[in-house]
Amino acid sequence: MENALLLSDEQVALQDTTAAFVAEFANARKPPEEDAGLWRRIAELGWPAVQVPEEFGGLGMGAVELALLMEEMGRRLIRAPFFTSVVLAQTALLQAGDAAARERFLPELASGETAATLILAPGLVWAPGALTVECHRDGAGWVMNGESAQVLDGGDAAMAFVAARTGDGVGLFHVPATAAGVERTPLDVWDLTRPQCHWRFGEVRLPAEARVDASGALDTGLARTVALAALQLAAEQVGGAAACLDMTVAYTKERVQFGRPVAGFQAVKHRCAEMMVRLETARSAVRGVAAAAAGLRDADELACEVAVARVLASEAYRYCAQEAVQLHGGVGFTWEYDPQLHFKRAQWGSQWLGAASRWRERVASQLLDLA
Amino acid sequence: MDVMTETQFRAEVAGWLARELKGEFACLRHRGGPGDEEAFPALRKAWERKLAEGGWVGAAWPQEHGGRGLPLELQLAFHEEYVRAGGPGRMGHIGETLLAPTLIELGTPEQQRRFLPGIREGREFWCQGYSEPGAGSDLAAITTRCWQDGDVWRVQGQKVWTSLAHESDWIFVIARSTPGSVGREGLTFLLMPLDQPGIEIQPIRQMTGEAEFNAVFFDGAATDAGCIVGKPGEGWRVAMALLGFERGASTLGQQMHFVHEMQLVVDVAIATGQAHDPAIRERIADAWIGLRALRHNALRMLVGNSGSVRPESLIYKYAWSNWHRDLGQLAMDVLGAAGDVRSDDDAVRRLQQVFFFSRADTIYAGTNEIQLNIIAERALAMPR
């Protein structure tokens, strides 16, 4: 019985404290100099430790708690390496990393003293044939070459976990951002709340222990990583969509035209109600899939279930952001009002970890290609 | 409740259905839901009595009212196993899942003694007298009148869209008892026998060619004074309490019907080769995704805390009815030109019925437009 959809008192408390914190310290409109301070506070609150097992200094919670955090951070467009370091890098270590790598990296990632990122094929999909980095043996160690055009990293990631071709397969490698031959160039992105860098690897020499994937776990592990990260991205998108709806309802109640608040016009009410239908459908899907995720051992089954949350949340966010722009009228198109921030984040999120069409095709092939 | 208990319960339900849903009842498998209510009515009533003998009618009711007091988890399990086994659309669901809980909550002990056994034993069937020609989703606009006349109450007026009135024994009616009252005031909730000279039932032929709805005309029809639920003038409260039971555990049963219909669409797409068409693949994936989301939403709705405004409840009707309508269109697109001919194949015929009947889904029980108003006003507190 999936009554895990009912949040426990502890989960509700986590949700409430998270919401209160991000409401107070949201930095989407603050200068980037304040970002490091926000990340330190987030680390003090223990959020980077949420999904890390207790043996590695974590809190040992799961996808449901992580999704609650992501939803609240998505609501306020928090600019911090939480998504990259916790949702991407940590998850990759947990799903595909070997015992030594987990022991070595999870405690510092859980404490938040270090932020990491993850490099897969472009767009953060798991497609071994599309990898753009290669790594060949050199004596006992490795030499890495290649580049990744867009990495989720604001220049603050201390390390990357990089999926690279090895000549006889694929490996997951730990690469410090300071390693000789690593070159990072910040990109001029539209969504300023989710910065990206171009990473270039030129003859980067790595020790033997830089290879961190557990034997035989890479393919399934990274497929699961992408699915679990897509679920968390969906949670973030639900939070963003909720913010769009809230700000739009508030604005239309205040904005008077033709002698009455525009919120009283049925055309406006129906559009807001439609936003809510899509938002709550996506929220139910995220909650339901998050509650079931730990029990879905088969990677294909997990991906199909995550597709539900991913497709609906991605499209709900785009829809709600677009409606927020429209229903704010002229000011909705200005830099000063928040709809544009969400409009850009929604567009960003629709393309990473697999666009909706890719997730739909996963479902279609499960349903239709069995024969 | 531990997992083994639910597993055992599911096995018990599935075993019972496997033993009983065969022989004379075999033709009922997957038949008789909305859009197919004209299928085998007499046999489906016999099936209701069989279900009752098995202890499956009223199983959710409290034990002191003859039920089994099944917890929500087991109610859900029952509905899922029932539909998985192809259990037919329930003739008794209005009585069992709407009226009975209302009587248990708001009826007198005498009403409970008089009406609950007939429902639980599959002997008496009920229909719902809410809608009127001048009051579709606007229940407060009803004009059917009722008044006390000695030991009886009498009703004058007309109800419409009454599902299965022609197969029912009793109707519950909301009517205006205070002359000149408006809106929600002055309404009374009555239980009335249908088989009497003052009531005339006229079938309404639908787009599908079938007639599961009716117009019901009341010309001084009578019922005992003891058949008023709540006090005279408090009918609105009773009517709303009854609607509150509409989103119970049987919701999951409805979804299992959807799962069955979805599988029929998938089967047709594979059989016709349309499973290779990228646009069809995308729509089938979307249908499956939508159905999973309905399930997550329904579970959230059923397990959630009561009290404050529940958005997942408010969006539910709008979400499922639109999903179902889209599935009907997808089914016909997958069938192609063959969809234009009434089919004798049960699976194809079912999809044709889904296509046509689902056009009613977004109208009855509150149109899409009313649903959006309700969401905007109740969940978002936008002005009326």
# chains A, B, ... in the order shown; residues from 1 in each chain; ligands from 1
>>> interface_residues(of="chain B", to="chain A", cutoff="6 Å", atoms="only C-alpha atoms", output="list in words")
Arg281, Ala285, Ile289, Ala293, His296, Asn297, Arg300, Gly304, Ile315, Leu372, Ile375, Ala376, Met382 and Pro383 of chain B
>>> residues_around(residues="B:Pro41", least_positions_apart="4", cutoff="8 Å", atoms="only C-alpha atoms", output="ChimeraX atom specification")
/B:37,45,91,167
>>> write_last_selection(atoms="N, CA and C atoms", output="PDB file, in the first residue's frame")
ATOM      1  N   GLU B  37     -24.157   0.708 -19.399  1.00  0.00           N
ATOM      2  CA  GLU B  37     -25.066   0.326 -18.312  1.00  0.00           C
ATOM      3  C   GLU B  37     -26.249  -0.490 -18.797  1.00  0.00           C
ATOM      4  N   LYS B  45     -28.055  -7.690 -11.701  1.00  0.00           N
ATOM      5  CA  LYS B  45     -28.716  -7.664 -10.381  1.00  0.00           C
ATOM      6  C   LYS B  45     -28.519  -8.999  -9.668  1.00  0.00           C
ATOM      7  N   MET B  91     -24.383  -2.367 -10.293  1.00  0.00           N
ATOM      8  CA  MET B  91     -25.726  -1.774 -10.300  1.00  0.00           C
ATOM      9  C   MET B  91     -26.030  -1.131  -8.951  1.00  0.00           C
ATOM     10  N   GLU B 167     -34.017   1.022 -13.827  1.00  0.00           N
ATOM     11  CA  GLU B 167     -33.648  -0.264 -13.225  1.00  0.00           C
ATOM     12  C   GLU B 167     -33.648  -0.189 -11.705  1.00  0.00           C
TER      13      GLU B 167
END
>>> residues_around(residues="A:Val52", least_positions_apart="4", cutoff="9 Å", atoms="only C-alpha atoms", output="ChimeraX atom specification")
/A:48,56-62,90-91,94,106-107,109-110
>>> write_last_selection(atoms="C-alpha atoms", output="compact mmCIF listing (two decimals), in the first residue's frame")
# COMPACT_ATOMS: atom_id res chain seq x y z
CA PRO A 48 23.61 18.00 1.94
CA PHE A 56 29.24 8.14 5.87
CA GLY A 57 28.17 10.94 8.18
CA GLY A 58 24.79 11.40 6.60
CA LEU A 59 21.21 11.50 7.87
CA GLY A 60 20.18 8.32 6.09
CA MET A 61 16.91 9.66 4.71
CA GLY A 62 15.61 9.07 1.24
CA GLN A 90 26.25 12.15 -4.47
CA THR A 91 23.64 10.06 -6.21
CA LEU A 94 25.71 6.07 -4.14
CA LEU A 106 30.63 10.98 0.79
CA PRO A 107 31.55 12.43 4.21
CA LEU A 109 30.00 15.94 0.29
CA ALA A 110 27.53 15.27 3.12
>>> closest_atom_pairs(of="stretch 184-212 of chain B", to="stretch 235-248 of chain B", cutoff="8 Å", atoms="only C-alpha atoms", output="CSV")
residue,atom,partner,partner_atom,distance
B:Arg184,CA,B:Trp236,CA,5.8
B:Glu185,CA,B:Trp236,CA,7.3
B:Gly186,CA,B:Gly235,CA,7.6
B:Leu187,CA,B:Gly235,CA,4.7
B:Thr188,CA,B:Gly235,CA,3.9
B:Phe189,CA,B:Gly235,CA,4.5
>>> write_last_selection(atoms="C-alpha atoms", output="PDB file, in the first residue's frame")
ATOM      1  CA  ARG B 184     -29.411  26.426  -0.565  1.00  0.00           C
ATOM      2  CA  GLU B 185     -32.158  27.331   1.903  1.00  0.00           C
ATOM      3  CA  GLY B 186     -35.487  25.568   2.195  1.00  0.00           C
ATOM      4  CA  LEU B 187     -34.470  22.280   0.584  1.00  0.00           C
ATOM      5  CA  THR B 188     -35.405  18.816   1.814  1.00  0.00           C
ATOM      6  CA  PHE B 189     -33.869  15.403   1.139  1.00  0.00           C
TER       7      PHE B 189
END
>>> select_by_dssp(residues="stretch 100-337 of chain B", states="strand (DSSP E or B)", output="PyMOL selection string")
chain B and resi 126-129+132+135+145-149+152-159+170-176+187-193+199-204+213-224+228-229+234
>>> closest_residue(among="B:Val266, B:Leu190, B:Leu76, B:Ala141", to="B:Ala298", atoms="only C-alpha atoms")
B:Leu76
>>> closest_residue(among="A:Ala346, A:Ala293, A:Ala92, A:Ala115", to="A:Asp219", atoms="only C-alpha atoms")
A:Ala92
>>> residues_around(residues="A:Ala299", least_positions_apart="6", cutoff="9 Å", atoms="only C-alpha atoms", output="VMD selection string")
chain A and resid 220 to 221 223 to 224 227
>>> write_last_selection(atoms="all heavy atoms", output="PDB file, in the first residue's frame")
ATOM      1  N   THR A 220      24.006   0.255 -15.004  1.00  0.00           N
ATOM      2  CA  THR A 220      22.761   0.356 -14.236  1.00  0.00           C
ATOM      3  C   THR A 220      22.829   1.513 -13.240  1.00  0.00           C
ATOM      4  O   THR A 220      21.861   2.246 -13.056  1.00  0.00           O
ATOM      5  CB  THR A 220      22.513  -0.953 -13.472  1.00  0.00           C
ATOM      6  OG1 THR A 220      22.462  -2.013 -14.438  1.00  0.00           O
ATOM      7  CG2 THR A 220      21.213  -0.912 -12.717  1.00  0.00           C
ATOM      8  N   GLY A 221      24.000   1.678 -12.637  1.00  0.00           N
ATOM      9  CA  GLY A 221      24.147   2.721 -11.620  1.00  0.00           C
ATOM     10  C   GLY A 221      23.937   4.114 -12.184  1.00  0.00           C
ATOM     11  O   GLY A 221      23.261   4.943 -11.568  1.00  0.00           O
ATOM     12  N   ALA A 223      22.340   4.800 -15.030  1.00  0.00           N
ATOM     13  CA  ALA A 223      20.942   4.891 -15.488  1.00  0.00           C
ATOM     14  C   ALA A 223      20.042   5.236 -14.298  1.00  0.00           C
ATOM     15  O   ALA A 223      19.141   6.078 -14.396  1.00  0.00           O
ATOM     16  CB  ALA A 223      20.505   3.570 -16.122  1.00  0.00           C
ATOM     17  N   ARG A 224      20.299   4.592 -13.154  1.00  0.00           N
ATOM     18  CA  ARG A 224      19.507   4.901 -11.954  1.00  0.00           C
ATOM     19  C   ARG A 224      19.785   6.323 -11.462  1.00  0.00           C
ATOM     20  O   ARG A 224      18.885   7.018 -10.994  1.00  0.00           O
ATOM     21  CB  ARG A 224      19.808   3.898 -10.839  1.00  0.00           C
ATOM     22  CG  ARG A 224      19.277   2.505 -11.097  1.00  0.00           C
ATOM     23  CD  ARG A 224      19.529   1.588  -9.910  1.00  0.00           C
ATOM     24  NE  ARG A 224      18.859   2.058  -8.709  1.00  0.00           N
ATOM     25  CZ  ARG A 224      17.584   1.788  -8.400  1.00  0.00           C
ATOM     26  NH1 ARG A 224      16.873   1.029  -9.205  1.00  0.00           N
ATOM     27  NH2 ARG A 224      17.048   2.267  -7.311  1.00  0.00           N
ATOM     28  N   ALA A 227      17.774   8.661 -13.508  1.00  0.00           N
ATOM     29  CA  ALA A 227      16.343   8.570 -13.174  1.00  0.00           C
ATOM     30  C   ALA A 227      16.057   9.252 -11.829  1.00  0.00           C
ATOM     31  O   ALA A 227      15.109  10.030 -11.700  1.00  0.00           O
ATOM     32  CB  ALA A 227      15.906   7.106 -13.140  1.00  0.00           C
TER      33      ALA A 227
END
>>> closest_residue(among="B:Ala140, B:Leu43, B:Met207, B:Cys127", to="B:Ala360", atoms="only C-alpha atoms")
B:Met207
>>> atom_distance(atom1="atom CA of B:Thr97", atom2="atom CA of B:Gly233")
24.2 Å
>>> residues_around(residues="B:Arg120", least_positions_apart="6", cutoff="8 Å", atoms="only C-alpha atoms", output="PyMOL selection string")
chain B and resi 52+57-58+66+96
>>> write_last_selection(atoms="all heavy atoms", output="tab-separated table (two decimals), in the first residue's frame")
chain	number	residue	atom	x	y	z
B	52	ALA	N	-23.33	-10.07	-2.62
B	52	ALA	CA	-23.82	-9.87	-1.25
B	52	ALA	C	-23.65	-11.16	-0.44
B	52	ALA	O	-23.21	-11.13	0.71
B	52	ALA	CB	-25.28	-9.45	-1.28
B	57	VAL	N	-20.73	-6.78	-0.39
B	57	VAL	CA	-21.50	-5.53	-0.47
B	57	VAL	C	-21.53	-4.90	0.92
B	57	VAL	O	-21.85	-5.58	1.89
B	57	VAL	CB	-22.93	-5.80	-0.99
B	57	VAL	CG1	-23.70	-4.49	-1.05
B	57	VAL	CG2	-22.88	-6.45	-2.37
B	58	GLY	N	-21.20	-3.65	0.97
B	58	GLY	CA	-21.20	-2.96	2.27
B	58	GLY	C	-20.03	-3.36	3.15
B	58	GLY	O	-20.04	-3.09	4.36
B	66	GLY	N	-23.98	-3.79	9.82
B	66	GLY	CA	-23.99	-4.97	8.96
B	66	GLY	C	-22.81	-5.05	8.01
B	66	GLY	O	-22.75	-5.94	7.16
B	96	GLU	N	-24.89	1.59	-2.29
B	96	GLU	CA	-23.85	1.12	-1.38
B	96	GLU	C	-22.86	2.21	-0.98
B	96	GLU	O	-22.48	2.33	0.18
B	96	GLU	CB	-23.07	-0.04	-2.01
B	96	GLU	CG	-22.04	-0.62	-1.06
B	96	GLU	CD	-21.02	-1.52	-1.73
B	96	GLU	OE1	-21.07	-1.68	-2.97
B	96	GLU	OE2	-20.16	-2.04	-1.01
>>> residues_around(residues="B:Leu21", least_positions_apart="3", cutoff="10 Å", atoms="only C-alpha atoms", output="MDAnalysis selection string")
chainID B and resid 16:18 24:29 47 50:51 85:88
>>> write_last_selection(atoms="all heavy atoms", output="short mmCIF file (atom, residue, chain, number, x, y, z; two decimals), in the first residue's frame")
data_model
loop_
_atom_site.label_atom_id
_atom_site.label_comp_id
_atom_site.auth_asym_id
_atom_site.auth_seq_id
_atom_site.Cartn_x
_atom_site.Cartn_y
_atom_site.Cartn_z
N TRP B 16 -12.24 -15.77 -4.75
CA TRP B 16 -13.70 -15.77 -4.78
C TRP B 16 -14.21 -15.40 -6.17
O TRP B 16 -15.11 -16.04 -6.72
CB TRP B 16 -14.23 -14.78 -3.72
CG TRP B 16 -15.73 -14.86 -3.56
CD1 TRP B 16 -16.42 -15.68 -2.73
CD2 TRP B 16 -16.70 -14.09 -4.29
NE1 TRP B 16 -17.76 -15.47 -2.89
CE2 TRP B 16 -17.98 -14.50 -3.85
CE3 TRP B 16 -16.62 -13.10 -5.28
CZ2 TRP B 16 -19.15 -13.97 -4.34
CZ3 TRP B 16 -17.80 -12.57 -5.79
CH2 TRP B 16 -19.05 -12.99 -5.32
N LEU B 17 -13.61 -14.37 -6.74
CA LEU B 17 -14.05 -13.92 -8.07
C LEU B 17 -13.78 -15.01 -9.12
O LEU B 17 -14.60 -15.23 -10.01
CB LEU B 17 -13.33 -12.62 -8.45
CG LEU B 17 -13.83 -11.39 -7.69
CD1 LEU B 17 -12.81 -10.26 -7.77
CD2 LEU B 17 -15.18 -10.93 -8.25
N ALA B 18 -12.64 -15.67 -9.00
CA ALA B 18 -12.33 -16.72 -9.98
C ALA B 18 -13.36 -17.85 -9.88
O ALA B 18 -13.75 -18.44 -10.89
CB ALA B 18 -10.91 -17.25 -9.73
N GLU B 24 -22.93 -18.73 -15.77
CA GLU B 24 -23.91 -17.77 -16.27
C GLU B 24 -23.38 -16.33 -16.19
O GLU B 24 -23.81 -15.47 -16.95
CB GLU B 24 -25.22 -17.88 -15.47
CG GLU B 24 -25.02 -17.61 -13.98
CD GLU B 24 -26.33 -17.47 -13.20
OE1 GLU B 24 -27.33 -17.04 -13.79
OE2 GLU B 24 -26.32 -17.82 -12.01
N PHE B 25 -22.44 -16.08 -15.27
CA PHE B 25 -21.93 -14.71 -15.10
C PHE B 25 -20.73 -14.38 -16.00
O PHE B 25 -20.26 -13.25 -16.02
CB PHE B 25 -21.52 -14.47 -13.64
CG PHE B 25 -22.67 -14.55 -12.67
CD1 PHE B 25 -22.66 -15.44 -11.61
CD2 PHE B 25 -23.78 -13.71 -12.82
CE1 PHE B 25 -23.71 -15.52 -10.71
CE2 PHE B 25 -24.85 -13.78 -11.91
CZ PHE B 25 -24.82 -14.69 -10.87
N ALA B 26 -20.23 -15.37 -16.73
CA ALA B 26 -19.00 -15.16 -17.51
C ALA B 26 -19.14 -13.99 -18.50
O ALA B 26 -18.20 -13.23 -18.72
CB ALA B 26 -18.60 -16.43 -18.24
N CYS B 27 -20.35 -13.85 -19.06
CA CYS B 27 -20.55 -12.80 -20.07
C CYS B 27 -20.49 -11.40 -19.46
O CYS B 27 -20.46 -10.40 -20.19
CB CYS B 27 -21.88 -13.01 -20.79
SG CYS B 27 -23.29 -12.89 -19.69
N LEU B 28 -20.46 -11.30 -18.15
CA LEU B 28 -20.44 -9.98 -17.50
C LEU B 28 -19.03 -9.41 -17.37
O LEU B 28 -18.88 -8.24 -17.00
CB LEU B 28 -21.06 -10.06 -16.10
CG LEU B 28 -22.55 -10.39 -16.01
CD1 LEU B 28 -23.00 -10.36 -14.55
CD2 LEU B 28 -23.37 -9.41 -16.83
N ARG B 29 -18.05 -10.22 -17.66
CA ARG B 29 -16.68 -9.75 -17.42
C ARG B 29 -16.39 -8.46 -18.20
O ARG B 29 -16.61 -8.40 -19.40
CB ARG B 29 -15.67 -10.84 -17.82
CG ARG B 29 -15.72 -12.05 -16.90
CD ARG B 29 -14.94 -13.19 -17.51
NE ARG B 29 -13.53 -12.88 -17.57
CZ ARG B 29 -12.67 -13.12 -16.58
NH1 ARG B 29 -13.08 -13.69 -15.47
NH2 ARG B 29 -11.41 -12.80 -16.71
N TRP B 47 -25.99 -10.84 -10.08
CA TRP B 47 -24.59 -10.78 -9.65
C TRP B 47 -24.43 -9.99 -8.35
O TRP B 47 -23.64 -10.36 -7.47
CB TRP B 47 -23.73 -10.17 -10.77
CG TRP B 47 -22.32 -9.88 -10.37
CD1 TRP B 47 -21.73 -8.66 -10.20
CD2 TRP B 47 -21.30 -10.85 -10.07
NE1 TRP B 47 -20.44 -8.79 -9.82
CE2 TRP B 47 -20.14 -10.12 -9.74
CE3 TRP B 47 -21.27 -12.24 -10.05
CZ2 TRP B 47 -18.94 -10.74 -9.38
CZ3 TRP B 47 -20.08 -12.86 -9.69
CH2 TRP B 47 -18.93 -12.12 -9.36
N LYS B 50 -25.23 -12.24 -5.63
CA LYS B 50 -24.12 -13.17 -5.43
C LYS B 50 -22.99 -12.50 -4.64
O LYS B 50 -22.45 -13.06 -3.69
CB LYS B 50 -23.62 -13.64 -6.81
CG LYS B 50 -22.38 -14.48 -6.80
CD LYS B 50 -22.61 -15.83 -6.16
CE LYS B 50 -23.45 -16.75 -7.06
NZ LYS B 50 -23.58 -18.10 -6.45
N LEU B 51 -22.68 -11.26 -5.03
CA LEU B 51 -21.66 -10.49 -4.30
C LEU B 51 -22.05 -10.34 -2.84
O LEU B 51 -21.21 -10.47 -1.94
CB LEU B 51 -21.53 -9.09 -4.90
CG LEU B 51 -20.59 -8.86 -6.07
CD1 LEU B 51 -20.71 -7.40 -6.52
CD2 LEU B 51 -19.14 -9.16 -5.69
N ALA B 85 -10.16 -8.71 -12.09
CA ALA B 85 -10.80 -9.97 -12.47
C ALA B 85 -11.90 -9.76 -13.52
O ALA B 85 -12.51 -10.73 -13.97
CB ALA B 85 -11.39 -10.64 -11.23
N GLY B 86 -12.14 -8.51 -13.90
CA GLY B 86 -13.19 -8.25 -14.90
C GLY B 86 -14.56 -8.13 -14.27
O GLY B 86 -15.58 -8.25 -14.96
N GLY B 87 -14.63 -7.85 -12.98
CA GLY B 87 -15.93 -7.70 -12.31
C GLY B 87 -16.77 -6.64 -13.00
O GLY B 87 -16.27 -5.59 -13.36
N PRO B 88 -18.06 -6.91 -13.22
CA PRO B 88 -18.90 -5.99 -13.99
C PRO B 88 -19.22 -4.70 -13.24
O PRO B 88 -19.14 -4.65 -12.02
CB PRO B 88 -20.17 -6.81 -14.23
CG PRO B 88 -20.21 -7.79 -13.13
CD PRO B 88 -18.78 -8.13 -12.81
#
>>> atom_distance(atom1="atom CA of A:Lys30", atom2="atom CA of A:Pro81")
15.8 Å
>>> residues_around(residues="stretch 235-237 of chain A", least_positions_apart="5", cutoff="8 Å", atoms="only C-alpha atoms", output="ChimeraX atom specification")
/A:67-68,70-75,283,286,313-314,316-317,346,349
>>> atom_distance(atom1="atom CA of B:Ala60", atom2="atom CA of B:Ile363")
29.1 Å
>>> decode(residues="stretch 175-183 of chain A", atoms="all heavy atoms", output="PDB file, in the first residue's frame")
ATOM      1  N   VAL A 175      37.782  13.783 -10.770  1.00  0.00           N
ATOM      2  CA  VAL A 175      38.729  14.763 -11.289  1.00  0.00           C
ATOM      3  C   VAL A 175      38.637  16.042 -10.449  1.00  0.00           C
ATOM      4  O   VAL A 175      37.606  16.716 -10.451  1.00  0.00           O
ATOM      5  CB  VAL A 175      38.422  15.124 -12.762  1.00  0.00           C
ATOM      6  CG1 VAL A 175      39.478  16.075 -13.310  1.00  0.00           C
ATOM      7  CG2 VAL A 175      38.329  13.869 -13.618  1.00  0.00           C
ATOM      8  N   PRO A 176      39.722  16.404  -9.728  1.00  0.00           N
ATOM      9  CA  PRO A 176      39.700  17.685  -9.008  1.00  0.00           C
ATOM     10  C   PRO A 176      39.687  18.842 -10.001  1.00  0.00           C
ATOM     11  O   PRO A 176      40.349  18.779 -11.051  1.00  0.00           O
ATOM     12  CB  PRO A 176      41.025  17.679  -8.228  1.00  0.00           C
ATOM     13  CG  PRO A 176      41.508  16.260  -8.259  1.00  0.00           C
ATOM     14  CD  PRO A 176      40.974  15.660  -9.514  1.00  0.00           C
ATOM     15  N   ALA A 177      38.926  19.878  -9.682  1.00  0.00           N
ATOM     16  CA  ALA A 177      38.856  21.029 -10.594  1.00  0.00           C
ATOM     17  C   ALA A 177      40.212  21.694 -10.737  1.00  0.00           C
ATOM     18  O   ALA A 177      40.482  22.386 -11.722  1.00  0.00           O
ATOM     19  CB  ALA A 177      37.827  22.034 -10.069  1.00  0.00           C
ATOM     20  N   THR A 178      41.100  21.478  -9.742  1.00  0.00           N
ATOM     21  CA  THR A 178      42.411  22.122  -9.764  1.00  0.00           C
ATOM     22  C   THR A 178      43.474  21.284 -10.470  1.00  0.00           C
ATOM     23  O   THR A 178      44.635  21.702 -10.546  1.00  0.00           O
ATOM     24  CB  THR A 178      42.875  22.359  -8.320  1.00  0.00           C
ATOM     25  OG1 THR A 178      42.775  21.119  -7.609  1.00  0.00           O
ATOM     26  CG2 THR A 178      42.024  23.408  -7.628  1.00  0.00           C
ATOM     27  N   ALA A 179      43.107  20.095 -10.962  1.00  0.00           N
ATOM     28  CA  ALA A 179      44.103  19.238 -11.601  1.00  0.00           C
ATOM     29  C   ALA A 179      44.705  19.941 -12.821  1.00  0.00           C
ATOM     30  O   ALA A 179      44.014  20.674 -13.537  1.00  0.00           O
ATOM     31  CB  ALA A 179      43.455  17.917 -12.024  1.00  0.00           C
ATOM     32  N   ALA A 180      46.000  19.702 -13.026  1.00  0.00           N
ATOM     33  CA  ALA A 180      46.669  20.320 -14.175  1.00  0.00           C
ATOM     34  C   ALA A 180      46.025  19.816 -15.458  1.00  0.00           C
ATOM     35  O   ALA A 180      45.812  18.616 -15.625  1.00  0.00           O
ATOM     36  CB  ALA A 180      48.150  19.971 -14.147  1.00  0.00           C
ATOM     37  N   GLY A 181      45.696  20.746 -16.365  1.00  0.00           N
ATOM     38  CA  GLY A 181      45.073  20.364 -17.628  1.00  0.00           C
ATOM     39  C   GLY A 181      43.560  20.539 -17.617  1.00  0.00           C
ATOM     40  O   GLY A 181      42.927  20.444 -18.654  1.00  0.00           O
ATOM     41  N   VAL A 182      42.976  20.809 -16.446  1.00  0.00           N
ATOM     42  CA  VAL A 182      41.536  21.108 -16.387  1.00  0.00           C
ATOM     43  C   VAL A 182      41.353  22.608 -16.561  1.00  0.00           C
ATOM     44  O   VAL A 182      42.007  23.401 -15.871  1.00  0.00           O
ATOM     45  CB  VAL A 182      40.915  20.677 -15.045  1.00  0.00           C
ATOM     46  CG1 VAL A 182      39.480  21.173 -14.930  1.00  0.00           C
ATOM     47  CG2 VAL A 182      40.981  19.167 -14.887  1.00  0.00           C
ATOM     48  N   GLU A 183      40.477  22.962 -17.483  1.00  0.00           N
ATOM     49  CA  GLU A 183      40.251  24.380 -17.746  1.00  0.00           C
ATOM     50  C   GLU A 183      38.742  24.631 -17.727  1.00  0.00           C
ATOM     51  O   GLU A 183      37.985  23.918 -18.378  1.00  0.00           O
ATOM     52  CB  GLU A 183      40.798  24.678 -19.153  1.00  0.00           C
ATOM     53  CG  GLU A 183      41.041  26.140 -19.443  1.00  0.00           C
ATOM     54  CD  GLU A 183      41.508  26.282 -20.891  1.00  0.00           C
ATOM     55  OE1 GLU A 183      42.472  25.571 -21.277  1.00  0.00           O
ATOM     56  OE2 GLU A 183      40.887  27.071 -21.621  1.00  0.00           O
TER      57      GLU A 183
END
